[in-house]
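Visitor: Take a look at this one; I'll ask things after.
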Amino acid sequence: MQDSEVIIERRGTAGIIRLNRPRALNSLTLAMIRTITEALDGFARDAEVTTVVATGEGERGFCAGGDIRALHESARAGDGLAGTFWREEFRLNHMIAVYPKPYVALMDGITMGGGVGLSSHGRHRIVTERTRLAMPETGIGYVPDVGATWLLPKAPGEAGTWLGLTGLDIGAADAIYARLADLQIASSRLGEVIERLSGLPRGSSSGDVDSVLQVYAEPPGESRLRQNATMIDRAFRFDSVEEILAALDVEDGEFAAETRRVLLARSPTSLKLALQLLRAGRSSGSLAECLGRELGACLEMLDNPDFFEGIRAAVIDKDRNPKWSPASVEAVKAETIAKFLKPAEPPLFL
């Protein structure tokens, strides 16, 4: 059904999941999460399906994340939809990470927030020359979720800390450098890739899928994160936002200055909480552990004024001028952050 929010099809030996809200940059609704989960479950049990491919309809993006306007409205109404959304989304992220068949994500165009959750946990992560990837949550009074606190600490050095705190978008070369993607393929050739994958023999392995993808792979170019790795590692090695800002203040160059300006515009509460979650993720033993910790923080966000103010400024009034409370990282109290670190009830994974 071409008018569905998610189009599910079988093409040869490939199961294809097409996000179909192009005017909303394929942002996720609860219904879409449930459809994707059901499709993945069906493809896993279908002996004719060798590979699953996730892609987005339209020219602008794979998936811009969750429908934050709907989450904002749910939080205001107190109807429980936001909590249900996060629980089911996070379980889907974990399902993708442990999926028994090759899962190929085509991260063409905007891939942010929940879009990263649908792609970077997969076995084969493809970016294109149009990819713009980000975990932009600190800019809306929220925190990196969808298992980002498991993924980002695995980036080289402190690149993941930079990504999680600044929320800035990156291109294909940086996504590959940060280990959030594997290969770059030209967007014009993605149709060919899907056709080749759909023609693989039944029972083909992940290695067979990779052989197809490698045929189309192209050099991703220079990574800005790699070029600035020494400075990033030096400034972001600290375990407090105050120390990171102080370190950036004495660094030379526009990259450091831009980074500091961006951090000062982000929610101070989100910055402090995000850093704690990222550091906890670094020492965690599993994605499930990180997702459970993130869920506890997300549920507490429903009582956080910055969450409402950030979404107001970004998508409701669109004035891009949030008034954070408190307005500085120095004013954020330790006991405030501690509230966000309570385990979710009931637990995400029993």
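Chain identifiers are assigned as A, B, and so on, following the order in which chains appear in the structure tokens; residues are numbered from 1 within each chain, and ligands are numbered from 1 in order of appearance.
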Quick check for you: according to DSSP on this backbone, which residues of region 105-246 of chain A are classed as alpha helix (DSSP H)? Reply as a PDB file with N, CA and C atoms, in the first residue's frame.
Guide:
ATOM      1  N   GLY A 114      16.323   8.920  16.009  1.00  0.00           N
ATOM      2  CA  GLY A 114      15.750   7.596  15.796  1.00  0.00           C
ATOM      3  C   GLY A 114      16.170   6.960  14.492  1.00  0.00           C
ATOM      4  N   GLY A 115      16.546   7.767  13.496  1.00  0.00           N
ATOM      5  CA  GLY A 115      17.063   7.216  12.241  1.00  0.00           C
ATOM      6  C   GLY A 115      18.397   6.529  12.440  1.00  0.00           C
ATOM      7  N   VAL A 116      19.221   7.068  13.349  1.00  0.00           N
ATOM      8  CA  VAL A 116      20.481   6.413  13.692  1.00  0.00           C
ATOM      9  C   VAL A 116      20.183   5.083  14.388  1.00  0.00           C
ATOM     10  N   GLY A 117      19.153   5.067  15.226  1.00  0.00           N
ATOM     11  CA  GLY A 117      18.766   3.831  15.897  1.00  0.00           C
ATOM     12  C   GLY A 117      18.323   2.753  14.936  1.00  0.00           C
ATOM     13  N   LEU A 118      17.692   3.147  13.833  1.00  0.00           N
ATOM     14  CA  LEU A 118      17.237   2.171  12.835  1.00  0.00           C
ATOM     15  C   LEU A 118      18.359   1.706  11.919  1.00  0.00           C
ATOM     16  N   SER A 119      19.486   2.378  11.940  1.00  0.00           N
ATOM     17  CA  SER A 119      20.539   2.086  10.966  1.00  0.00           C
ATOM     18  C   SER A 119      21.849   1.639  11.598  1.00  0.00           C
ATOM     19  N   ALA A 148      22.438   5.267  21.520  1.00  0.00           N
ATOM     20  CA  ALA A 148      23.594   6.086  21.155  1.00  0.00           C
ATOM     21  C   ALA A 148      24.667   6.059  22.232  1.00  0.00           C
ATOM     22  N   THR A 149      24.259   5.864  23.495  1.00  0.00           N
ATOM     23  CA  THR A 149      25.262   5.836  24.557  1.00  0.00           C
ATOM     24  C   THR A 149      26.036   4.517  24.562  1.00  0.00           C
ATOM     25  N   TRP A 150      25.644   3.579  23.739  1.00  0.00           N
ATOM     26  CA  TRP A 150      26.414   2.365  23.465  1.00  0.00           C
ATOM     27  C   TRP A 150      27.293   2.559  22.229  1.00  0.00           C
ATOM     28  N   LEU A 151      26.728   3.201  21.206  1.00  0.00           N
ATOM     29  CA  LEU A 151      27.436   3.389  19.936  1.00  0.00           C
ATOM     30  C   LEU A 151      28.530   4.456  20.017  1.00  0.00           C
ATOM     31  N   ALA A 159      35.663  11.268  19.761  1.00  0.00           N
ATOM     32  CA  ALA A 159      34.777  11.707  18.674  1.00  0.00           C
ATOM     33  C   ALA A 159      33.311  11.509  19.038  1.00  0.00           C
ATOM     34  N   GLY A 160      32.999  10.409  19.717  1.00  0.00           N
ATOM     35  CA  GLY A 160      31.617  10.156  20.113  1.00  0.00           C
ATOM     36  C   GLY A 160      31.122  11.144  21.144  1.00  0.00           C
ATOM     37  N   THR A 161      32.006  11.565  22.044  1.00  0.00           N
ATOM     38  CA  THR A 161      31.629  12.583  23.033  1.00  0.00           C
ATOM     39  C   THR A 161      31.322  13.891  22.323  1.00  0.00           C
ATOM     40  N   TRP A 162      32.161  14.249  21.354  1.00  0.00           N
ATOM     41  CA  TRP A 162      31.918  15.467  20.561  1.00  0.00           C
ATOM     42  C   TRP A 162      30.564  15.384  19.872  1.00  0.00           C
ATOM     43  N   LEU A 163      30.274  14.249  19.246  1.00  0.00           N
ATOM     44  CA  LEU A 163      29.006  14.087  18.528  1.00  0.00           C
ATOM     45  C   LEU A 163      27.815  14.170  19.481  1.00  0.00           C
ATOM     46  N   GLY A 164      27.908  13.492  20.616  1.00  0.00           N
ATOM     47  CA  GLY A 164      26.780  13.436  21.542  1.00  0.00           C
ATOM     48  C   GLY A 164      26.502  14.757  22.223  1.00  0.00           C
ATOM     49  N   LEU A 165      27.544  15.530  22.516  1.00  0.00           N
ATOM     50  CA  LEU A 165      27.340  16.798  23.212  1.00  0.00           C
ATOM     51  C   LEU A 165      26.984  17.929  22.254  1.00  0.00           C
ATOM     52  N   THR A 166      27.686  18.041  21.143  1.00  0.00           N
ATOM     53  CA  THR A 166      27.394  19.151  20.222  1.00  0.00           C
ATOM     54  C   THR A 166      26.092  18.941  19.465  1.00  0.00           C
ATOM     55  N   ALA A 172      29.266  11.587   5.297  1.00  0.00           N
ATOM     56  CA  ALA A 172      29.587  10.172   5.150  1.00  0.00           C
ATOM     57  C   ALA A 172      30.951   9.817   5.724  1.00  0.00           C
ATOM     58  N   ALA A 173      31.977  10.610   5.401  1.00  0.00           N
ATOM     59  CA  ALA A 173      33.324  10.287   5.856  1.00  0.00           C
ATOM     60  C   ALA A 173      33.407  10.277   7.381  1.00  0.00           C
ATOM     61  N   ASP A 174      32.768  11.254   8.021  1.00  0.00           N
ATOM     62  CA  ASP A 174      32.782  11.300   9.487  1.00  0.00           C
ATOM     63  C   ASP A 174      31.971  10.154  10.085  1.00  0.00           C
ATOM     64  N   ALA A 175      30.854   9.795   9.462  1.00  0.00           N
ATOM     65  CA  ALA A 175      30.037   8.691   9.965  1.00  0.00           C
ATOM     66  C   ALA A 175      30.813   7.384   9.942  1.00  0.00           C
ATOM     67  N   ILE A 176      31.567   7.169   8.877  1.00  0.00           N
ATOM     68  CA  ILE A 176      32.388   5.958   8.787  1.00  0.00           C
ATOM     69  C   ILE A 176      33.519   6.017   9.808  1.00  0.00           C
ATOM     70  N   TYR A 177      34.165   7.166   9.930  1.00  0.00           N
ATOM     71  CA  TYR A 177      35.241   7.328  10.907  1.00  0.00           C
ATOM     72  C   TYR A 177      34.738   7.061  12.327  1.00  0.00           C
ATOM     73  N   LEU A 190      21.766   3.207  -5.414  1.00  0.00           N
ATOM     74  CA  LEU A 190      21.105   2.427  -4.375  1.00  0.00           C
ATOM     75  C   LEU A 190      20.043   1.490  -4.948  1.00  0.00           C
ATOM     76  N   GLY A 191      19.371   1.922  -6.015  1.00  0.00           N
ATOM     77  CA  GLY A 191      18.398   1.045  -6.665  1.00  0.00           C
ATOM     78  C   GLY A 191      19.052  -0.223  -7.188  1.00  0.00           C
ATOM     79  N   GLU A 192      20.232  -0.076  -7.775  1.00  0.00           N
ATOM     80  CA  GLU A 192      20.981  -1.243  -8.261  1.00  0.00           C
ATOM     81  C   GLU A 192      21.362  -2.155  -7.106  1.00  0.00           C
ATOM     82  N   VAL A 193      21.768  -1.552  -5.998  1.00  0.00           N
ATOM     83  CA  VAL A 193      22.158  -2.337  -4.828  1.00  0.00           C
ATOM     84  C   VAL A 193      20.997  -3.202  -4.357  1.00  0.00           C
ATOM     85  N   ILE A 194      19.816  -2.600  -4.275  1.00  0.00           N
ATOM     86  CA  ILE A 194      18.648  -3.358  -3.819  1.00  0.00           C
ATOM     87  C   ILE A 194      18.346  -4.506  -4.774  1.00  0.00           C
ATOM     88  N   GLU A 195      18.440  -4.244  -6.075  1.00  0.00           N
ATOM     89  CA  GLU A 195      18.176  -5.305  -7.054  1.00  0.00           C
ATOM     90  C   GLU A 195      19.178  -6.449  -6.915  1.00  0.00           C
ATOM     91  N   ARG A 196      20.453  -6.119  -6.723  1.00  0.00           N
ATOM     92  CA  ARG A 196      21.466  -7.160  -6.558  1.00  0.00           C
ATOM     93  C   ARG A 196      21.215  -7.978  -5.290  1.00  0.00           C
ATOM     94  N   LEU A 197      20.862  -7.281  -4.218  1.00  0.00           N
ATOM     95  CA  LEU A 197      20.600  -7.985  -2.964  1.00  0.00           C
ATOM     96  C   LEU A 197      19.372  -8.880  -3.072  1.00  0.00           C
ATOM     97  N   SER A 198      18.378  -8.420  -3.810  1.00  0.00           N
ATOM     98  CA  SER A 198      17.156  -9.223  -3.947  1.00  0.00           C
ATOM     99  C   SER A 198      17.374 -10.457  -4.797  1.00  0.00           C
ATOM    100  N   SER A 206      26.093 -13.110   5.493  1.00  0.00           N
ATOM    101  CA  SER A 206      26.440 -11.701   5.609  1.00  0.00           C
ATOM    102  C   SER A 206      27.651 -11.373   4.745  1.00  0.00           C
ATOM    103  N   GLY A 207      28.565 -12.337   4.603  1.00  0.00           N
ATOM    104  CA  GLY A 207      29.717 -12.139   3.726  1.00  0.00           C
ATOM    105  C   GLY A 207      29.308 -11.967   2.279  1.00  0.00           C
ATOM    106  N   ASP A 208      28.290 -12.712   1.850  1.00  0.00           N
ATOM    107  CA  ASP A 208      27.787 -12.562   0.485  1.00  0.00           C
ATOM    108  C   ASP A 208      27.187 -11.174   0.276  1.00  0.00           C
ATOM    109  N   VAL A 209      26.459 -10.702   1.278  1.00  0.00           N
ATOM    110  CA  VAL A 209      25.882  -9.362   1.205  1.00  0.00           C
ATOM    111  C   VAL A 209      26.991  -8.322   1.122  1.00  0.00           C
ATOM    112  N   ASP A 210      28.016  -8.474   1.942  1.00  0.00           N
ATOM    113  CA  ASP A 210      29.120  -7.517   1.936  1.00  0.00           C
ATOM    114  C   ASP A 210      29.839  -7.507   0.589  1.00  0.00           C
ATOM    115  N   SER A 211      29.945  -8.672  -0.043  1.00  0.00           N
ATOM    116  CA  SER A 211      30.593  -8.733  -1.359  1.00  0.00           C
ATOM    117  C   SER A 211      29.835  -7.898  -2.385  1.00  0.00           C
ATOM    118  N   VAL A 212      28.508  -7.937  -2.322  1.00  0.00           N
ATOM    119  CA  VAL A 212      27.698  -7.108  -3.220  1.00  0.00           C
ATOM    120  C   VAL A 212      27.929  -5.632  -2.928  1.00  0.00           C
ATOM    121  N   LEU A 213      27.896  -5.273  -1.657  1.00  0.00           N
ATOM    122  CA  LEU A 213      28.037  -3.862  -1.285  1.00  0.00           C
ATOM    123  C   LEU A 213      29.406  -3.308  -1.669  1.00  0.00           C
ATOM    124  N   GLN A 214      30.441  -4.132  -1.527  1.00  0.00           N
ATOM    125  CA  GLN A 214      31.792  -3.677  -1.844  1.00  0.00           C
ATOM    126  C   GLN A 214      31.948  -3.323  -3.324  1.00  0.00           C
ATOM    127  N   VAL A 215      31.166  -3.970  -4.180  1.00  0.00           N
ATOM    128  CA  VAL A 215      31.229  -3.670  -5.616  1.00  0.00           C
ATOM    129  C   VAL A 215      30.882  -2.207  -5.874  1.00  0.00           C
ATOM    130  N   TYR A 216      29.975  -1.660  -5.066  1.00  0.00           N
ATOM    131  CA  TYR A 216      29.478  -0.302  -5.280  1.00  0.00           C
ATOM    132  C   TYR A 216      30.165   0.737  -4.394  1.00  0.00           C
ATOM    133  N   ARG A 224      36.393  15.266   8.734  1.00  0.00           N
ATOM    134  CA  ARG A 224      36.691  16.451   9.550  1.00  0.00           C
ATOM    135  C   ARG A 224      37.001  16.053  10.992  1.00  0.00           C
ATOM    136  N   LEU A 225      36.316  15.028  11.476  1.00  0.00           N
ATOM    137  CA  LEU A 225      36.588  14.561  12.830  1.00  0.00           C
ATOM    138  C   LEU A 225      37.994  13.977  12.938  1.00  0.00           C
ATOM    139  N   ARG A 226      38.402  13.230  11.924  1.00  0.00           N
ATOM    140  CA  ARG A 226      39.763  12.691  11.944  1.00  0.00           C
ATOM    141  C   ARG A 226      40.791  13.832  11.908  1.00  0.00           C
ATOM    142  N   GLN A 227      40.529  14.824  11.086  1.00  0.00           N
ATOM    143  CA  GLN A 227      41.465  15.939  10.966  1.00  0.00           C
ATOM    144  C   GLN A 227      41.619  16.705  12.277  1.00  0.00           C
ATOM    145  N   ALA A 229      41.050  15.290  15.346  1.00  0.00           N
ATOM    146  CA  ALA A 229      41.007  14.282  16.408  1.00  0.00           C
ATOM    147  C   ALA A 229      41.872  14.658  17.605  1.00  0.00           C
ATOM    148  N   THR A 230      43.057  15.194  17.379  1.00  0.00           N
ATOM    149  CA  THR A 230      43.956  15.517  18.489  1.00  0.00           C
ATOM    150  C   THR A 230      43.328  16.554  19.409  1.00  0.00           C
ATOM    151  N   MET A 231      42.740  17.592  18.805  1.00  0.00           N
ATOM    152  CA  MET A 231      42.093  18.625  19.613  1.00  0.00           C
ATOM    153  C   MET A 231      40.863  18.080  20.322  1.00  0.00           C
ATOM    154  N   ILE A 232      40.060  17.300  19.618  1.00  0.00           N
ATOM    155  CA  ILE A 232      38.850  16.728  20.217  1.00  0.00           C
ATOM    156  C   ILE A 232      39.223  15.860  21.416  1.00  0.00           C
ATOM    157  N   ASP A 233      40.216  15.011  21.248  1.00  0.00           N
ATOM    158  CA  ASP A 233      40.618  14.128  22.349  1.00  0.00           C
ATOM    159  C   ASP A 233      41.142  14.933  23.534  1.00  0.00           C
ATOM    160  N   ARG A 234      41.871  15.989  23.255  1.00  0.00           N
ATOM    161  CA  ARG A 234      42.450  16.807  24.325  1.00  0.00           C
ATOM    162  C   ARG A 234      41.364  17.545  25.108  1.00  0.00           C
ATOM    163  N   ALA A 235      40.378  18.082  24.408  1.00  0.00           N
ATOM    164  CA  ALA A 235      39.362  18.909  25.064  1.00  0.00           C
ATOM    165  C   ALA A 235      38.225  18.100  25.673  1.00  0.00           C
ATOM    166  N   VAL A 241      31.365  18.915  32.047  1.00  0.00           N
ATOM    167  CA  VAL A 241      31.155  19.857  30.941  1.00  0.00           C
ATOM    168  C   VAL A 241      31.941  21.131  31.192  1.00  0.00           C
ATOM    169  N   GLU A 242      32.046  21.551  32.450  1.00  0.00           N
ATOM    170  CA  GLU A 242      32.791  22.760  32.770  1.00  0.00           C
ATOM    171  C   GLU A 242      34.248  22.634  32.323  1.00  0.00           C
ATOM    172  N   GLU A 243      34.844  21.483  32.581  1.00  0.00           N
ATOM    173  CA  GLU A 243      36.242  21.283  32.192  1.00  0.00           C
ATOM    174  C   GLU A 243      36.399  21.234  30.673  1.00  0.00           C
ATOM    175  N   ILE A 244      35.432  20.644  29.991  1.00  0.00           N
ATOM    176  CA  ILE A 244      35.472  20.602  28.519  1.00  0.00           C
ATOM    177  C   ILE A 244      35.407  22.019  27.952  1.00  0.00           C
ATOM    178  N   LEU A 245      34.497  22.823  28.465  1.00  0.00           N
ATOM    179  CA  LEU A 245      34.374  24.207  27.988  1.00  0.00           C
ATOM    180  C   LEU A 245      35.652  25.002  28.268  1.00  0.00           C
ATOM    181  N   ALA A 246      36.236  24.798  29.443  1.00  0.00           N
ATOM    182  CA  ALA A 246      37.476  25.497  29.778  1.00  0.00           C
ATOM    183  C   ALA A 246      38.611  25.069  28.856  1.00  0.00           C
TER     184      ALA A 246
END
Visitor: I'd like to know which residues of region 154-325 of chain A are strand (DSSP E or B) (by DSSP, run on the backbone); could you write them as a PyMOL selection string?
Guide: chain A and resi 170+183-185+217-218
Visitor: Using only C-alpha atoms, which residues sit within 7 Å of region 105-109 of chain A once same-chain residues fewer than 2 positions away are excluded, as JSON, numbers by chain?
Guide: {"A": [53, 54, 55, 60, 61, 62, 103, 111, 119, 122, 124, 125, 126, 127, 128, 130, 131, 132, 187]}
Visitor: With 9 Å as the cut-off and only C-alpha atoms counted, what is the closest atom pair between each nearby residue of region 47-166 of chain A and region 267-270 of chain A? Distances in Å to one decimal, ordered by chain and number, as a Markdown table.
Guide:
| residue | atom | partner | partner_atom | distance |
| --- | --- | --- | --- | --- |
| A:Glu137 | CA | A:Ser270 | CA | 8.0 |
| A:Thr138 | CA | A:Ser270 | CA | 5.3 |
| A:Gly139 | CA | A:Ser267 | CA | 6.3 |
| A:Ile140 | CA | A:Ser267 | CA | 7.2 |
| A:Gly141 | CA | A:Ser267 | CA | 5.3 |
| A:Tyr142 | CA | A:Ser270 | CA | 5.7 |
| A:Val143 | CA | A:Ser270 | CA | 5.7 |
| A:Leu165 | CA | A:Ser270 | CA | 8.4 |
Visitor: Would you mind reading off the distance between CA of Trp86 (chain A) and CA of Arg21 (chain A), one decimal, in Å?
Guide: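 The value is 19.3 Å.
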Visitor: If you count only C-alpha atoms, which residues fall within 10 Å of Glu5 (chain A), apart from same-chain ones fewer than 6 positions away, as a list of chain:residue names?
Guide: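 After dropping sequence-adjacent residues, the list is A:Arg18, A:Leu19, A:Asn20, A:Arg21, A:Pro22, A:Asn26, A:Ser27, A:Leu28, A:Thr29, A:Ala31, A:Met32, A:Thr35, A:Glu57.
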Visitor: Extract, using only C-alpha atoms, all DNA, RNA and protein residues at most 12 Å from region 315-325 of chain A, discarding same-chain residues fewer than 6 positions from it, and format them as JSON, numbers by chain.
Guide: {"A": [24, 67, 68, 69, 70, 71, 72, 73, 138, 139, 140, 141, 142, 264, 265, 266, 267, 268, 269, 270, 271, 304, 305, 306, 307, 308, 309, 331, 332, 333, 336]}
Visitor: Could you check how far CA of Ile33 (chain A) sits from CA of Glu88 (chain A), in Å to one decimal?
Guide: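 These two atoms are separated by 7.1 Å.
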Visitor: Can you tell me, as a ChimeraX atom specification, what residues are no more than 8 Å from Asp249 (chain A) when counting only C-alpha atoms, ignoring any on the same chain fewer than 6 positions away?
Guide: /A:256-257,260
Visitor: For the residues in the current selection, export N, CA, C and O atoms as a compact mmCIF listing (two decimals), in the first residue's frame.
Guide:
# COMPACT_ATOMS: atom_id res chain seq x y z
N ALA A 256 37.63 24.53 17.20
CA ALA A 256 37.44 24.56 18.65
C ALA A 256 36.51 25.70 19.05
O ALA A 256 35.63 25.52 19.91
N ALA A 257 36.66 26.85 18.41
CA ALA A 257 35.79 28.00 18.74
C ALA A 257 34.34 27.71 18.38
O ALA A 257 33.42 28.02 19.15
N ARG A 260 32.84 25.26 20.90
CA ARG A 260 32.50 25.89 22.18
C ARG A 260 31.23 26.73 22.04
O ARG A 260 30.35 26.70 22.92
Visitor: For Lys154 (chain A), list every protein, DNA or RNA residue within 8 Å, evaluated using only C-alpha atoms, and leave out those in the same chain fewer than 5 positions away; present the list as an MDAnalysis selection string.
Guide: chainID A and resid 160 178:179 282
Visitor: With C-alpha atoms retained, could you export that selection as a PDB file, in the first residue's frame?
Guide:
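Wrote it out as out.pdb, contents follow:
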ATOM      1  CA  GLY A 160      31.617  10.156  20.113  1.00  0.00           C
ATOM      2  CA  ALA A 178      32.961   7.380  13.981  1.00  0.00           C
ATOM      3  CA  ARG A 179      31.998   3.720  13.330  1.00  0.00           C
ATOM      4  CA  ARG A 282      31.743   3.439  27.889  1.00  0.00           C
TER       5      ARG A 282
END
